[in-house]
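S.K.: Supplied in structure tokens, the structure appears directly below.
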Amino acid sequence: MNPSNATPLLNVSDLTKHFPLQRGVFEKMAFRKGRFRWISQTVHAVNGVNLDIHRGDTLALVGESGCGKSTLAKTIIGLYAPTSGQVIYNGQDIGRLAGAARKPYQKKIQIIFQDPFSSINPRKKVLDIIAQPIDVHGLAKGAARSERVATLLEKVGLSADYAQRYPHQFSGGQRQRIGIARALASEPDLIIADEPISALDVSIQAQILNLMMDLQEALGLTYLFVSHDLSVVRHISNRVAVMYLGFIVEYGDTEALFEDPKHPYTQMLFSAIPSLDTLEFQDQFGLKGEVPTPIQLPCGCVFHPRCPKVMDRCRVDHPMLREIETGRWAACHLYDHQQRSNGRPMYR
């Protein structure tokens with residue numbers, strides 16, 4: 001979904017990820033004793049998502065907590081196998097590749113995790129943490145390996161001397177810099193940043209963001225930036241995809257979305273800056289109730305139970321994500337009459 005005709009670096013096509021719920025211990029015991037019949041249930045975390053990420057872009061993925069952002073990111077990178085759909089990197093469908101077949105693509109797609117305290121092995125020295133991708137892909141050995149780690153530490157603003165230290169000797173911001181250095185170790189094209197600053201002190205967040213932007217310019221990186229912090233998204237991204245209950249409901253250029261959001265959910269989401277997670281958000285913009293459960297999605301438009309602009313059609317007919325003007329997509333029946341007729345695809 002990009003007005004450019006250039007081939008995207010990453011194309012996500014109709015990607016779905018569902019999780020069957022497992023029975024608990026007491027449910028299993030009751031089932032064996034014939035007390036009730038187990039009804040299988042499924043968490044619909046990601047539902048038919050389509051996205052393009054072009055080389056050099058920063059695409060931000062935003063939405064309330066629990067909307068499926070991190071699940072989508074982890075499915076793209078291969079931590080979860082997709083239920084259906086495709087993840088196409090440089091023209092190759094890598095969604096279901098595993099083992100040796102996926103290894104060359106793992107080298108080119110890396111991830112920065114949210115929590116720098118749990119994503120780094122506390123028993124290993126920084127040298128071995130950062131060198132892990134180097135070892136996996138056979139990129140350097142011996143002195144060359146150590147030199148490469150030293151260079152990476154300096155790129156992220158740390159001293160090369162830190163290579164012999166352990167993670168407990170560093171602050172949260174320094175640990176995240178180590179995580180970034182590890183992500184850079186295999187010389188990737190695409191980095192998925194899964195809420196990379198949300199666990200850090202506010203005073204450190206700007207430093208990490210500026211570092212990531214400097215690295216992007218210096219190394220030609222492409223980012224998929226997952227966040228719920230809209231002020232950060234506006235600062236770092238050039239395109240934004242808005243997610244709700246596992247669906248993309250709006251997509252477009254960052255400034256265009258912030259200046260003139262089209263979908264009712266996006267309008268309320270962006271108008272709530274910076275109080276995205278407060279009750280004021282619901283009171284001010286007429287949101288009704290809680291986010292529905294992804295186990296039992298609403299019929300029709302998934303946002304209709306909370307939407308102040310709901311129409312009868314919204315309750316029965318699921319809107320497709322379609323291009324309503326150049327470079328702008330929205331999944332809302334309010335814009336059905338604005339569907340472009342230039343042959344652009346209509347996305348679910």
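The chains in the structure tokens are called A, B, ... from first to last as shown; in each chain the residues are counted from 1, and the ligands are counted from 1 in the order shown.
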Could the residues of stretch 125-179 of chain A that have an atom at most 10 Å from stretch 104-114 of chain A be listed as JSON lines, each with its closest atom pair and the distance in Å to one decimal, counting only C-alpha atoms and ordered by chain and ascending residue number?

M.R.:
{"residue": "A:Pro133", "atom": "CA", "partner": "A:Lys107", "partner_atom": "CA", "distance": 7.6}
{"residue": "A:Ile134", "atom": "CA", "partner": "A:Lys107", "partner_atom": "CA", "distance": 9.2}
{"residue": "A:Val136", "atom": "CA", "partner": "A:Lys107", "partner_atom": "CA", "distance": 9.0}
{"residue": "A:His137", "atom": "CA", "partner": "A:Lys107", "partner_atom": "CA", "distance": 7.1}
{"residue": "A:Gln176", "atom": "CA", "partner": "A:Ile112", "partner_atom": "CA", "distance": 8.2}
{"residue": "A:Arg177", "atom": "CA", "partner": "A:Ile112", "partner_atom": "CA", "distance": 9.7}
{"residue": "A:Ile178", "atom": "CA", "partner": "A:Ile112", "partner_atom": "CA", "distance": 9.9}
{"residue": "A:Gly179", "atom": "CA", "partner": "A:Ile112", "partner_atom": "CA", "distance": 6.3}

S.K.: Tell me, counting only C-alpha atoms, for each residue of stretch 168-284 of chain A within 7 Å of stretch 57-65 of chain A, which pair of atoms is nearest and how far apart they are in Å to one decimal, in rows ordered by chain and increasing number, as CSV.

M.R.:
residue,atom,partner,partner_atom,distance
A:Thr222,CA,A:Asp57,CA,5.3
A:Tyr223,CA,A:Thr58,CA,4.6
A:Leu224,CA,A:Leu59,CA,5.0
A:Phe225,CA,A:Ala60,CA,4.6
A:Val226,CA,A:Leu61,CA,4.8
A:Ser227,CA,A:Val62,CA,5.4
A:His228,CA,A:Val62,CA,5.4
A:Val233,CA,A:Ala60,CA,6.2
A:Ser237,CA,A:Thr58,CA,4.8
A:Asn238,CA,A:Thr58,CA,5.7
A:Arg239,CA,A:Leu59,CA,4.8
A:Val240,CA,A:Ala60,CA,4.7
A:Ala241,CA,A:Leu61,CA,5.0
A:Val242,CA,A:Val62,CA,5.1
A:Met243,CA,A:Gly63,CA,5.1
A:Tyr244,CA,A:Gly63,CA,6.2

S.K.: Show me, as number ranges by chain, the residues that have an atom within 8 Å of stretch 116-125 of chain A when counting only C-alpha atoms, minus same-chain residues fewer than 3 positions from it.

M.R.: A: 113, 128-129, 163-168, 172-173, 175-176, 179, 199

S.K.: What is the distance between atom CA of A:Ile53 and atom CA of A:Leu257, in Å to one decimal?

M.R.: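 It comes out at 17.1 Å.
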
S.K.: Give me every alpha helix (DSSP H) residue in stretch 5-130 of chain A, going by DSSP on the backbone, as a VMD selection string.

M.R.: chain A and resid 25 to 32 69 to 77 103 to 108 126 to 130

S.K.: Tell me which of A:Gly56, A:Pro264, A:Gly246, A:Gly252 sits closest to A:Val43, counting only C-alpha atoms.

M.R.: A:Gly246

S.K.: Would you compute the distance between atom CA of A:Ile248 and atom CA of A:Arg315? Give it in Å to one decimal.

M.R.: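 Those two atoms sit 17.9 Å apart.
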
S.K.: May I have the residues within 6 Å of stretch 329-334 of chain A as a ChimeraX atom specification, using only C-alpha atoms and disregarding those fewer than 2 positions away in the same chain?

M.R.: /A:249-251,319-324,336

S.K.: Limited to C-alpha atoms, could you put the picked residues into a file as a PDB file, in the first residue's frame?

M.R.:
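Contents of the output file result-v8.pdb:
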ATOM      1  CA  VAL A 249      -8.321   0.325   9.714  1.00  0.00           C
ATOM      2  CA  GLU A 250      -6.309   3.174   8.178  1.00  0.00           C
ATOM      3  CA  TYR A 251      -2.986   3.676   6.425  1.00  0.00           C
ATOM      4  CA  PRO A 319     -15.645  -2.806   5.451  1.00  0.00           C
ATOM      5  CA  MET A 320     -12.631  -3.485   3.249  1.00  0.00           C
ATOM      6  CA  LEU A 321      -9.487  -1.391   3.514  1.00  0.00           C
ATOM      7  CA  ARG A 322      -9.487   0.575   0.274  1.00  0.00           C
ATOM      8  CA  GLU A 323      -7.779   3.573  -1.253  1.00  0.00           C
ATOM      9  CA  ILE A 324     -10.113   6.534  -0.758  1.00  0.00           C
ATOM     10  CA  ASP A 336     -17.582   3.796   0.236  1.00  0.00           C
TER      11      ASP A 336
END

S.K.: From a backbone DSSP assignment, name each residue in stretch 221-337 of chain A labelled strand (DSSP E), as a list in words.

M.R.: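 Of stretch 221-337 of chain A, only Thr222, Tyr223, Leu224, Phe225, Val226, Arg239, Val240, Ala241, Val242, Met243, Tyr244, Phe247, Ile248, Val249, Glu250, Tyr251, Gly252, Asp253, Arg322, Glu323, Ile324, Glu325, Arg328, Trp329 and Ala330 of chain A fall in strand (DSSP E).
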
S.K.: Write the residues of the preceding selection, restricted to C-alpha atoms, as a JSON list (two decimals), in the first residue's frame.

M.R.:
[["chain", "number", "residue", "atom", "x", "y", "z"],
["A", 222, "THR", "CA", 14.23, 0.25, 6.95],
["A", 223, "TYR", "CA", 12.09, 0.17, 10.11],
["A", 224, "LEU", "CA", 8.78, -1.33, 11.15],
["A", 225, "PHE", "CA", 8.21, 0.66, 14.34],
["A", 226, "VAL", "CA", 5.57, -0.70, 16.71],
["A", 239, "ARG", "CA", 4.00, 6.24, 7.15],
["A", 240, "VAL", "CA", 1.49, 4.99, 9.71],
["A", 241, "ALA", "CA", -0.79, 1.95, 9.84],
["A", 242, "VAL", "CA", -3.55, 2.06, 12.48],
["A", 243, "MET", "CA", -4.58, -1.30, 13.94],
["A", 244, "TYR", "CA", -7.73, -2.28, 15.81],
["A", 247, "PHE", "CA", -7.33, -5.34, 11.46],
["A", 248, "ILE", "CA", -5.67, -2.40, 9.73],
["A", 249, "VAL", "CA", -8.32, 0.32, 9.71],
["A", 250, "GLU", "CA", -6.31, 3.17, 8.18],
["A", 251, "TYR", "CA", -2.99, 3.68, 6.42],
["A", 252, "GLY", "CA", -1.18, 6.66, 4.92],
["A", 253, "ASP", "CA", 1.57, 9.26, 5.20],
["A", 322, "ARG", "CA", -9.49, 0.58, 0.27],
["A", 323, "GLU", "CA", -7.78, 3.57, -1.25],
["A", 324, "ILE", "CA", -10.11, 6.53, -0.76],
["A", 325, "GLU", "CA", -7.69, 9.15, -2.09],
["A", 328, "ARG", "CA", -4.71, 7.08, 1.81],
["A", 329, "TRP", "CA", -6.52, 3.87, 2.74],
["A", 330, "ALA", "CA", -9.39, 3.46, 5.21]]
